[in-house]
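Peer 1: Take a look at the following structure, please.
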Amino acid sequence: MKRIHVAAAVIRSVDGQILLAKRSDDKHQGGLWEFPGGKVEAGETVQAALARELEEELGIRPSVARPLIQIRHDYPDKQVLLDVWDVCAYTGEPHGAEGQPLAWVSPRQLDDYAFPAANKPIVMAARLPDRYLITPQDLTPSELLSGVRQALANGIRLIQLRAPGMFDAQYRDLAIDIQGLCAGKAQLMLKGPLEWLGDFPAAGWHLTAEQLRKYVEHGRPFPSSRLLAASCHSVEELQLATRMGVDFVTVSPVQATQTHPDAVPLGWPQVAGWLQGFNQPAYVLGGVGPDDLEQARQAGAQGVAGIRAFWPV
């Protein structure tokens with residue numbers, strides 16, 4: 001069965017809302033909501049197909065578009081490759097040119113809409129930012145609080161509290177304080193024993209590779225309303241992350257780092273090869289920063305994760 005190549009767009013308004021279209025009842029997966037787009041024709045580039053489809057469906061022309069995520073999904077009756085682009089600027093006024101209902105929704109509201117099964121990772125990618133801050137180790141609680149406060153002011157919206165040198169009670173107290181700082185501004189991801197999960201209901205959890213291996217057979221440890229991430233350093237660990245149903249991963253180390261000087265860098269070509277078969281958002285980590293965002297996207301990543309690169313102090 002030939003895989004159908006589809007170009008799709010996460011179209012954003014200036015105030016951050018996302019445009020959805022409803023599929024007509026007579027189409028495959030009819031009656032569900034989708035991100036606008038359509039089939040890439042033979043000999044057509046993805047960008048050309050996206051521009052053509054958006055003009056036909058919505059009466060707009062994208063002027064700023066970048067790769068967001070690629071998803072390979074097998075339905076019982078067809079196989080699709082969804083080539084999804086983030087469109088944050090366009091000309092024209094979107095309207096249902098083919099009579100289809102449209103809706104502008106906030107990223108948080110996406111969970112309230114029914115999508116085809118293949119679109120679930122797109123919903124996650126649309127909600128996640130392109131920068132993931134991991135806090136440095138060996139800082140005092142007051143230094144960490146000050147740095148997180150400044151990072152939030154700088155627009156960081158996804159933060160992992162990583163403090164391996166702290167004893168448990170100190171980390172837990174700090175997590176409560178930082179969770180308060182992040183409320184309404186950013187998503188906090190914590191690390192630690194899964195026995196702590198019930199104490200931090202507003203936080204997501206970032207599993208180590210060791211935890212991923214240990215708990216994968218038990219499945220996802222909490223509902224999809226909370227974010228679950230995992231650290232991956234091999235194709236095998238990416239497969240385990242898929243089995244566990246994580247929402248996103250970090251892939252590392254892409255390049256040499258001061259934090260882990262003995263780790264062998266993967267390099268961009270290998271990372272791109274790994275992510276080509278991975279259907280969830282992924283952040284590249286290790287010797288990367290804001291200047292590597294474009295290369296990360298071209299490799300198939302959601303964005304970049306970093307410690308020194310994003311720490312404001």
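In the structure tokens, each chain is lettered A, B, ... as it comes, each chain's residues begin at 1, and ligands are numbered from 1 in order of appearance.
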Please extract the residues of stretch 40-282 of chain A with a backbone DSSP assignment of strand (DSSP E or B) and present them as an MDAnalysis selection string.

Peer 2: chainID A and resid 61:74 79:91 102:105 131:134 158:161 187:190 204:207 228:232 248:251 282

Peer 1: Got a sec: who's within 9 Å of A:Trp311, counting only C-alpha atoms, leaving out chain neighbours fewer than 4 positions off, as a CSV table (one decimal) with C-alpha atoms, in the first residue's frame?

Peer 2:
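Dumped to selection25.csv:
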```
chain,number,residue,atom,x,y,z
A,133,LEU,CA,15.2,25.0,29.6
A,134,ILE,CA,16.9,22.5,31.9
A,135,THR,CA,18.1,24.1,35.1
A,136,PRO,CA,21.9,23.9,35.9
A,147,GLY,CA,17.1,32.2,37.4
A,148,VAL,CA,13.7,30.6,36.8
A,150,GLN,CA,14.3,35.7,34.9
A,151,ALA,CA,13.8,32.8,32.4
A,306,GLY,CA,19.6,23.4,26.9
A,307,ILE,CA,21.1,24.2,30.2
```

Peer 1: Which residues are close to A:Leu293, i.e. within 10 Å by only C-alpha atoms, leaving aside same-chain residues fewer than 4 positions away? Reply as a list in words.

Peer 2: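 Non-adjacent residues within range: Asp130, Arg131, Tyr283, Val284, Val288, Gly289, Arg297, Gln298, Ala299, Ala301, Gln302, Gly303, Val304 and Ala305 of chain A.
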
Peer 1: Export, as a JSON list (two decimals), in the first residue's frame, the selected residues with N, CA and C atoms.

Peer 2:
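Result file is result03.json:
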```json
[["chain", "number", "residue", "atom", "x", "y", "z"],
["A", 130, "ASP", "N", 9.43, 25.92, 21.25],
["A", 130, "ASP", "CA", 10.63, 25.40, 20.57],
["A", 130, "ASP", "C", 11.88, 25.46, 21.45],
["A", 131, "ARG", "N", 11.72, 25.91, 22.69],
["A", 131, "ARG", "CA", 12.86, 25.96, 23.63],
["A", 131, "ARG", "C", 12.48, 25.25, 24.93],
["A", 283, "TYR", "N", 13.10, 17.13, 21.35],
["A", 283, "TYR", "CA", 14.05, 18.24, 21.51],
["A", 283, "TYR", "C", 15.46, 17.68, 21.43],
["A", 284, "VAL", "N", 16.31, 18.34, 20.66],
["A", 284, "VAL", "CA", 17.72, 17.94, 20.63],
["A", 284, "VAL", "C", 18.44, 18.63, 21.77],
["A", 288, "VAL", "N", 23.94, 22.45, 22.05],
["A", 288, "VAL", "CA", 23.09, 23.22, 21.13],
["A", 288, "VAL", "C", 22.46, 24.39, 21.88],
["A", 289, "GLY", "N", 22.04, 25.40, 21.12],
["A", 289, "GLY", "CA", 21.42, 26.58, 21.70],
["A", 289, "GLY", "C", 20.47, 27.23, 20.71],
["A", 297, "ARG", "N", 15.12, 22.01, 13.48],
["A", 297, "ARG", "CA", 13.87, 21.81, 12.75],
["A", 297, "ARG", "C", 14.09, 21.02, 11.46],
["A", 298, "GLN", "N", 15.16, 21.32, 10.77],
["A", 298, "GLN", "CA", 15.46, 20.59, 9.53],
["A", 298, "GLN", "C", 15.75, 19.13, 9.81],
["A", 299, "ALA", "N", 16.24, 18.83, 11.03],
["A", 299, "ALA", "CA", 16.52, 17.44, 11.43],
["A", 299, "ALA", "C", 15.26, 16.72, 11.90],
["A", 301, "ALA", "N", 13.24, 17.94, 14.52],
["A", 301, "ALA", "CA", 13.00, 18.16, 15.95],
["A", 301, "ALA", "C", 12.00, 19.28, 16.19],
["A", 302, "GLN", "N", 11.36, 19.23, 17.35],
["A", 302, "GLN", "CA", 10.47, 20.30, 17.81],
["A", 302, "GLN", "C", 11.26, 21.58, 18.08],
["A", 303, "GLY", "N", 12.46, 21.40, 18.62],
["A", 303, "GLY", "CA", 13.29, 22.55, 18.98],
["A", 303, "GLY", "C", 14.53, 22.08, 19.72],
["A", 304, "VAL", "N", 15.09, 22.97, 20.52],
["A", 304, "VAL", "CA", 16.32, 22.65, 21.25],
["A", 304, "VAL", "C", 16.08, 22.72, 22.75],
["A", 305, "ALA", "N", 16.75, 21.84, 23.47],
["A", 305, "ALA", "CA", 16.76, 21.86, 24.92],
["A", 305, "ALA", "C", 18.18, 22.23, 25.35]]
```

Peer 1: DSSP on the backbone, alpha helix (DSSP H) only: what residues of stretch 134-224 of chain A does that give? Format it as a VMD selection string.

Peer 2: chain A and resid 141 to 153 168 to 182 209 to 215

Peer 1: Identify, on the basis of only C-alpha atoms, every residue whose closest approach to stretch 212-224 of chain A does not exceed 8 Å; exclude the query and any residue fewer than 5 positions from it along the same chain; express the result as a PyMOL selection string.

Peer 2: chain A and resi 207+230+237+240-241+243-246

Peer 1: Please provide as a ChimeraX atom specification all residues within 7 Å of A:Arg157, with the sequence filter that same-chain residues fewer than 6 positions apart are discarded (counting only C-alpha atoms).

Peer 2: /A:129,185-187

Peer 1: Which polymer residues have any atom within 12 Å of an atom of A:His233, counting only C-alpha atoms, with same-chain residues fewer than 5 positions away left out, as an mmCIF file with C-alpha atoms, in the first residue's frame?

Peer 2:
```cif
data_model
loop_
_atom_site.group_PDB
_atom_site.id
_atom_site.type_symbol
_atom_site.label_atom_id
_atom_site.label_comp_id
_atom_site.auth_asym_id
_atom_site.auth_seq_id
_atom_site.Cartn_x
_atom_site.Cartn_y
_atom_site.Cartn_z
ATOM 1 C CA THR A 208 15.481 9.257 32.873
ATOM 2 C CA ALA A 209 16.480 6.578 30.358
ATOM 3 C CA GLU A 210 16.840 4.184 33.309
ATOM 4 C CA LEU A 212 12.014 4.474 30.922
ATOM 5 C CA LEU A 238 12.992 6.076 21.264
ATOM 6 C CA GLN A 239 11.050 2.859 20.625
ATOM 7 C CA LEU A 240 10.548 2.378 24.372
ATOM 8 C CA ALA A 241 9.299 5.980 24.632
ATOM 9 C CA VAL A 249 11.541 13.277 24.317
ATOM 10 C CA THR A 250 14.990 14.767 24.464
ATOM 11 C CA VAL A 251 17.631 13.216 22.198
ATOM 12 C CA SER A 252 21.238 13.657 23.295
ATOM 13 C CA PRO A 253 24.052 14.399 23.027
ATOM 14 C CA VAL A 254 23.976 15.972 19.588
ATOM 15 C CA ALA A 263 29.673 11.107 25.995
ATOM 16 C CA VAL A 264 30.167 10.405 22.271
ATOM 17 C CA PRO A 265 28.265 13.030 20.202
ATOM 18 C CA LEU A 266 25.579 11.663 17.893
ATOM 19 C CA GLY A 267 25.969 14.344 15.222
ATOM 20 C CA GLN A 270 22.371 10.502 12.916
ATOM 21 C CA VAL A 271 19.803 12.503 14.911
ATOM 22 C CA TRP A 274 16.541 8.607 14.153
ATOM 23 C CA LEU A 275 13.793 11.220 14.162
ATOM 24 C CA ALA A 282 11.614 15.679 20.146
ATOM 25 C CA TYR A 283 14.045 18.239 21.512
ATOM 26 C CA VAL A 284 17.717 17.938 20.628
ATOM 27 C CA LEU A 285 20.091 18.383 23.559
ATOM 28 C CA GLY A 286 23.825 18.607 24.060
#
```

Peer 1: Set the distance at 7 Å and use only C-alpha atoms: which residues neighbour stretch 31-48 of chain A once local chain neighbours fewer than 6 positions away are removed? I'd like the list as a compact mmCIF listing (two decimals) with N, CA and C atoms, in the first residue's frame.

Peer 2:
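Listing of selection-v7.txt after writing:
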```
# COMPACT_ATOMS: atom_id res chain seq x y z
N HIS A 5 1.23 11.12 0.82
CA HIS A 5 1.96 12.27 1.38
C HIS A 5 1.01 13.46 1.47
N VAL A 6 0.82 13.95 2.70
CA VAL A 6 -0.11 15.06 2.94
C VAL A 6 0.64 16.23 3.57
N ALA A 7 0.43 17.42 3.04
CA ALA A 7 0.97 18.65 3.65
C ALA A 7 -0.12 19.28 4.51
N ALA A 8 0.22 19.59 5.75
CA ALA A 8 -0.76 20.18 6.67
C ALA A 8 -0.13 21.36 7.38
N ALA A 9 -0.99 22.26 7.89
CA ALA A 9 -0.50 23.50 8.50
C ALA A 9 -1.12 23.73 9.86
N VAL A 10 -0.27 24.09 10.82
CA VAL A 10 -0.73 24.68 12.08
C VAL A 10 -0.66 26.19 11.87
N LEU A 20 -8.55 25.63 12.98
CA LEU A 20 -8.97 24.26 12.68
C LEU A 20 -10.07 24.27 11.63
N ALA A 21 -10.15 23.19 10.87
CA ALA A 21 -11.22 23.02 9.89
C ALA A 21 -11.90 21.68 10.15
N LYS A 22 -13.19 21.61 9.88
CA LYS A 22 -13.94 20.37 10.09
C LYS A 22 -14.07 19.61 8.78
N ARG A 23 -13.74 18.32 8.82
CA ARG A 23 -13.84 17.49 7.62
C ARG A 23 -15.30 17.20 7.30
N SER A 24 -15.64 17.24 6.02
CA SER A 24 -17.02 16.93 5.63
C SER A 24 -17.31 15.46 5.91
N ASP A 25 -18.57 15.15 6.15
CA ASP A 25 -18.97 13.81 6.58
C ASP A 25 -18.66 12.73 5.54
N LEU A 54 -3.80 25.61 0.91
CA LEU A 54 -4.33 26.66 1.78
C LEU A 54 -5.07 27.74 0.99
N TYR A 113 -11.33 19.14 21.08
CA TYR A 113 -11.79 18.84 19.72
C TYR A 113 -11.39 17.41 19.34
N ALA A 114 -12.25 16.75 18.56
CA ALA A 114 -12.00 15.38 18.11
C ALA A 114 -11.25 15.41 16.79
N PHE A 115 -10.06 14.79 16.75
CA PHE A 115 -9.20 14.75 15.57
C PHE A 115 -9.04 13.30 15.08
N PRO A 116 -8.65 13.11 13.82
CA PRO A 116 -8.22 11.78 13.39
C PRO A 116 -7.05 11.30 14.25
```

Peer 1: Pick out the closest residue to A:Arg3 from this set: A:Leu81, A:Leu139, A:Ile71, A:Met189. Count only C-alpha atoms.

Peer 2: A:Leu81

Peer 1: When you count only C-alpha atoms, which of these residues is closest to A:Ser231: A:Gly192, A:His206, A:Gln276, A:Tyr171?

Peer 2: A:His206
